[in-house]
Amino acid sequence: MASPSVLEPTAPQGSVLIAGVGASQGVGAAIARRFAAGGYPVAIAGRNAEKLTATAAELAAAGAKVAHVVGDVSKPADVARFVGAAQQLAPLAMAVHNAGSNRWAPFLKVSEEQFESHWREHALGGFHLAQAAIPALLARGGGTLVFTGASGSLRGKAQFAPFAAAKAALRALSQSIAREFGPQGIHVGHVVIDGGIEGDRLLSFRPQLKDERGPDGLLNIAAIAEAYWVLHHQHRSAWTHELDLRPWAESF
């Protein structure tokens with residue numbers, strides 16, 4: 001018998017949950033579009049009801065089978081609703097933690113509340129999503145769990161201490177989960193996004209940045225989403241755990 005293709009999943013297709021979806025021109029929405037285009041039903045979740053509803057409507061208009069749930073990934077009851085919505089579409093095949101913000105502040109002016117807020121969004125949110133999604137993935141016989149990281153996952157930049165601490169914690173969490181559940185058929189990935197993202201969040205307050213960076217100087221959201229698609233479809237004999245993405249002109 002021929003071995004399966006490297007792009008063939010090892011279990012039947014199911015639903016994809018993306019926690020951390022807002023505006024249509026964002027990474028979370030782009031991931032949802034890519035998987036919907038590939039035939040997967042998608043469940044999207046986020047805190048901004050207006051943006052989430054608009055993105056869900058766009059996906060549905062394009063022919064996607066979609067559910068959307070408003071909630072906070074740092075709250076376990078909300079995360080349980082996210083997973084439940086995906087399960088109603090089809091058995092959960094993939095979950096993505098893409099939630100969390102990034103706020104600049106001089107270290108001596110960072111409050112305990114600000115520091116904890118970052119930790120809740122990134123590290124605690126990743127913990128809750130993993131605890132809710134893994135049992136569903138195991139019941140299905142395997143699947144994929146991906147965490148969106150950043151350059152702050154690897155090194156702490158000046159005046160970004162809360163973000164770096166939270167992202168580093170999320171990275172360590174992903175490594176631990178990968179080692180425990182990889183042998184049980186769950187592909188755990190951590191995607192380091194190193195550079196500015198050509199989406200609404202960045203360009204809304206720095207619209208000139210696209211011209212300053214030049215062609216392809218910012219990360220294209222569809223190209224980012226393609227990387228998540230590839231991760232999910234890797235053959236289990238050659239899984240990637242950590243993948244870093246950056247523009248061709250970005251220094252590192």
# chains A, B, ... in the order shown; residues from 1 in each chain; ligands from 1
$ select_by_dssp --residues "range 54-205 of chain A" --states "strand (DSSP E or B)" --output "PyMOL selection string"
chain A and resi 66-70+92-97+143-150+186-193+197-198
$ closest_atom_pairs --of "range 119-140 of chain A" --to "range 18-40 of chain A" --cutoff "10 Å" --atoms "only C-alpha atoms" --output "tab-separated table"
residue	atom	partner	partner_atom	distance
A:Glu121	CA	A:Gly20	CA	9.8
A:Gly125	CA	A:Ala19	CA	9.3
A:Gly126	CA	A:Ala19	CA	9.5
A:Leu129	CA	A:Ala19	CA	8.2
$ closest_residue --among "A:Leu108, A:Leu209, A:Ala123, A:Ala168" --to "Gly195 in chain A" --atoms "only C-alpha atoms"
A:Leu209
$ atom_distance --atom1 "CA of Val16 in chain A" --atom2 "CA of Asn102 in chain A"
25.0 Å
$ residues_around --residues "range 159-162 of chain A" --least-positions-apart "3" --cutoff "7 Å" --atoms "only C-alpha atoms" --output "list in words"
Trp104, Ala105, Pro106, Phe107, Phe115, His118, Gly156, Ala165 and Ala166 of chain A
$ closest_residue --among "A:Gly100, A:His68, A:Lys51, A:Gly46" --to "Ala86 in chain A" --atoms "only C-alpha atoms"
A:His68
$ residues_around --residues "His190 in chain A" --least-positions-apart "2" --cutoff "10 Å" --atoms "only C-alpha atoms" --output "VMD selection string"
chain A and resid 96 to 97 145 to 150 153 170 to 175 178 188 192 to 193 228 231 240 to 244
$ write_last_selection --atoms "C-alpha atoms" --output "PDB file, in the first residue's frame"
ATOM      1  CA  VAL A  96      -6.048  27.965  16.836  1.00  0.00           C
ATOM      2  CA  HIS A  97      -5.199  30.346  19.663  1.00  0.00           C
ATOM      3  CA  LEU A 145      -3.585  22.720  17.946  1.00  0.00           C
ATOM      4  CA  VAL A 146      -1.744  25.892  16.908  1.00  0.00           C
ATOM      5  CA  PHE A 147      -0.684  28.902  18.958  1.00  0.00           C
ATOM      6  CA  THR A 148       0.128  32.235  17.332  1.00  0.00           C
ATOM      7  CA  GLY A 149       3.406  33.562  18.679  1.00  0.00           C
ATOM      8  CA  ALA A 150       5.553  36.601  17.955  1.00  0.00           C
ATOM      9  CA  SER A 153       8.049  34.809  22.256  1.00  0.00           C
ATOM     10  CA  LEU A 170       2.638  30.648  25.708  1.00  0.00           C
ATOM     11  CA  ARG A 171       5.599  29.238  23.787  1.00  0.00           C
ATOM     12  CA  ALA A 172       6.702  27.126  26.745  1.00  0.00           C
ATOM     13  CA  LEU A 173       3.127  25.919  27.192  1.00  0.00           C
ATOM     14  CA  SER A 174       2.990  24.831  23.549  1.00  0.00           C
ATOM     15  CA  GLN A 175       6.248  22.891  23.917  1.00  0.00           C
ATOM     16  CA  ALA A 178       3.432  19.016  22.165  1.00  0.00           C
ATOM     17  CA  VAL A 188       0.894  21.067  18.300  1.00  0.00           C
ATOM     18  CA  VAL A 192       6.360  32.923  15.430  1.00  0.00           C
ATOM     19  CA  ILE A 193       5.182  35.955  13.455  1.00  0.00           C
ATOM     20  CA  TYR A 228      -1.445  27.325   9.138  1.00  0.00           C
ATOM     21  CA  LEU A 231       0.851  22.823   9.326  1.00  0.00           C
ATOM     22  CA  THR A 240       6.765  20.981  12.399  1.00  0.00           C
ATOM     23  CA  HIS A 241       6.426  22.264  15.935  1.00  0.00           C
ATOM     24  CA  GLU A 242       7.798  25.791  15.618  1.00  0.00           C
ATOM     25  CA  LEU A 243       7.562  27.814  12.424  1.00  0.00           C
ATOM     26  CA  ASP A 244       8.804  31.383  12.060  1.00  0.00           C
TER      27      ASP A 244
END
$ closest_residue --among "A:Ala85, A:Ala90, A:Ala238, A:Ala249" --to "Asp216 in chain A" --atoms "only C-alpha atoms"
A:Ala249
$ select_by_dssp --residues "range 188-247 of chain A" --states "alpha helix (DSSP H)" --output "ChimeraX atom specification"
/A:200-203,209-213,221-233
$ residues_around --residues "Arg246 in chain A" --least-positions-apart "3" --cutoff "10 Å" --atoms "only C-alpha atoms" --output "number ranges by chain"
A: 151, 192-197, 217-220, 224, 249-252
$ write_last_selection --atoms "C-alpha atoms" --output "mmCIF file, in the first residue's frame"
data_model
loop_
_atom_site.group_PDB
_atom_site.id
_atom_site.type_symbol
_atom_site.label_atom_id
_atom_site.label_comp_id
_atom_site.auth_asym_id
_atom_site.auth_seq_id
_atom_site.Cartn_x
_atom_site.Cartn_y
_atom_site.Cartn_z
ATOM 1 C CA SER A 151 9.156 37.736 18.008
ATOM 2 C CA VAL A 192 6.360 32.923 15.430
ATOM 3 C CA ILE A 193 5.182 35.955 13.455
ATOM 4 C CA ASP A 194 8.244 38.190 13.264
ATOM 5 C CA GLY A 195 7.398 41.491 11.621
ATOM 6 C CA GLY A 196 4.582 43.898 10.966
ATOM 7 C CA ILE A 197 1.326 42.402 9.715
ATOM 8 C CA GLY A 217 7.688 44.441 3.456
ATOM 9 C CA LEU A 218 4.804 43.538 5.783
ATOM 10 C CA LEU A 219 3.441 40.053 6.368
ATOM 11 C CA ASN A 220 0.525 39.311 4.039
ATOM 12 C CA ILE A 224 0.263 33.694 7.035
ATOM 13 C CA ALA A 249 13.349 42.206 3.896
ATOM 14 C CA GLU A 250 12.955 41.945 7.690
ATOM 15 C CA SER A 251 16.227 41.917 9.665
ATOM 16 C CA PHE A 252 16.616 39.252 12.343
#
$ residues_around --residues "Gln88 in chain A" --least-positions-apart "4" --cutoff "12 Å" --atoms "only C-alpha atoms" --output "MDAnalysis selection string"
chainID A and resid 14:17 41:43 65:68 81:84 92 136
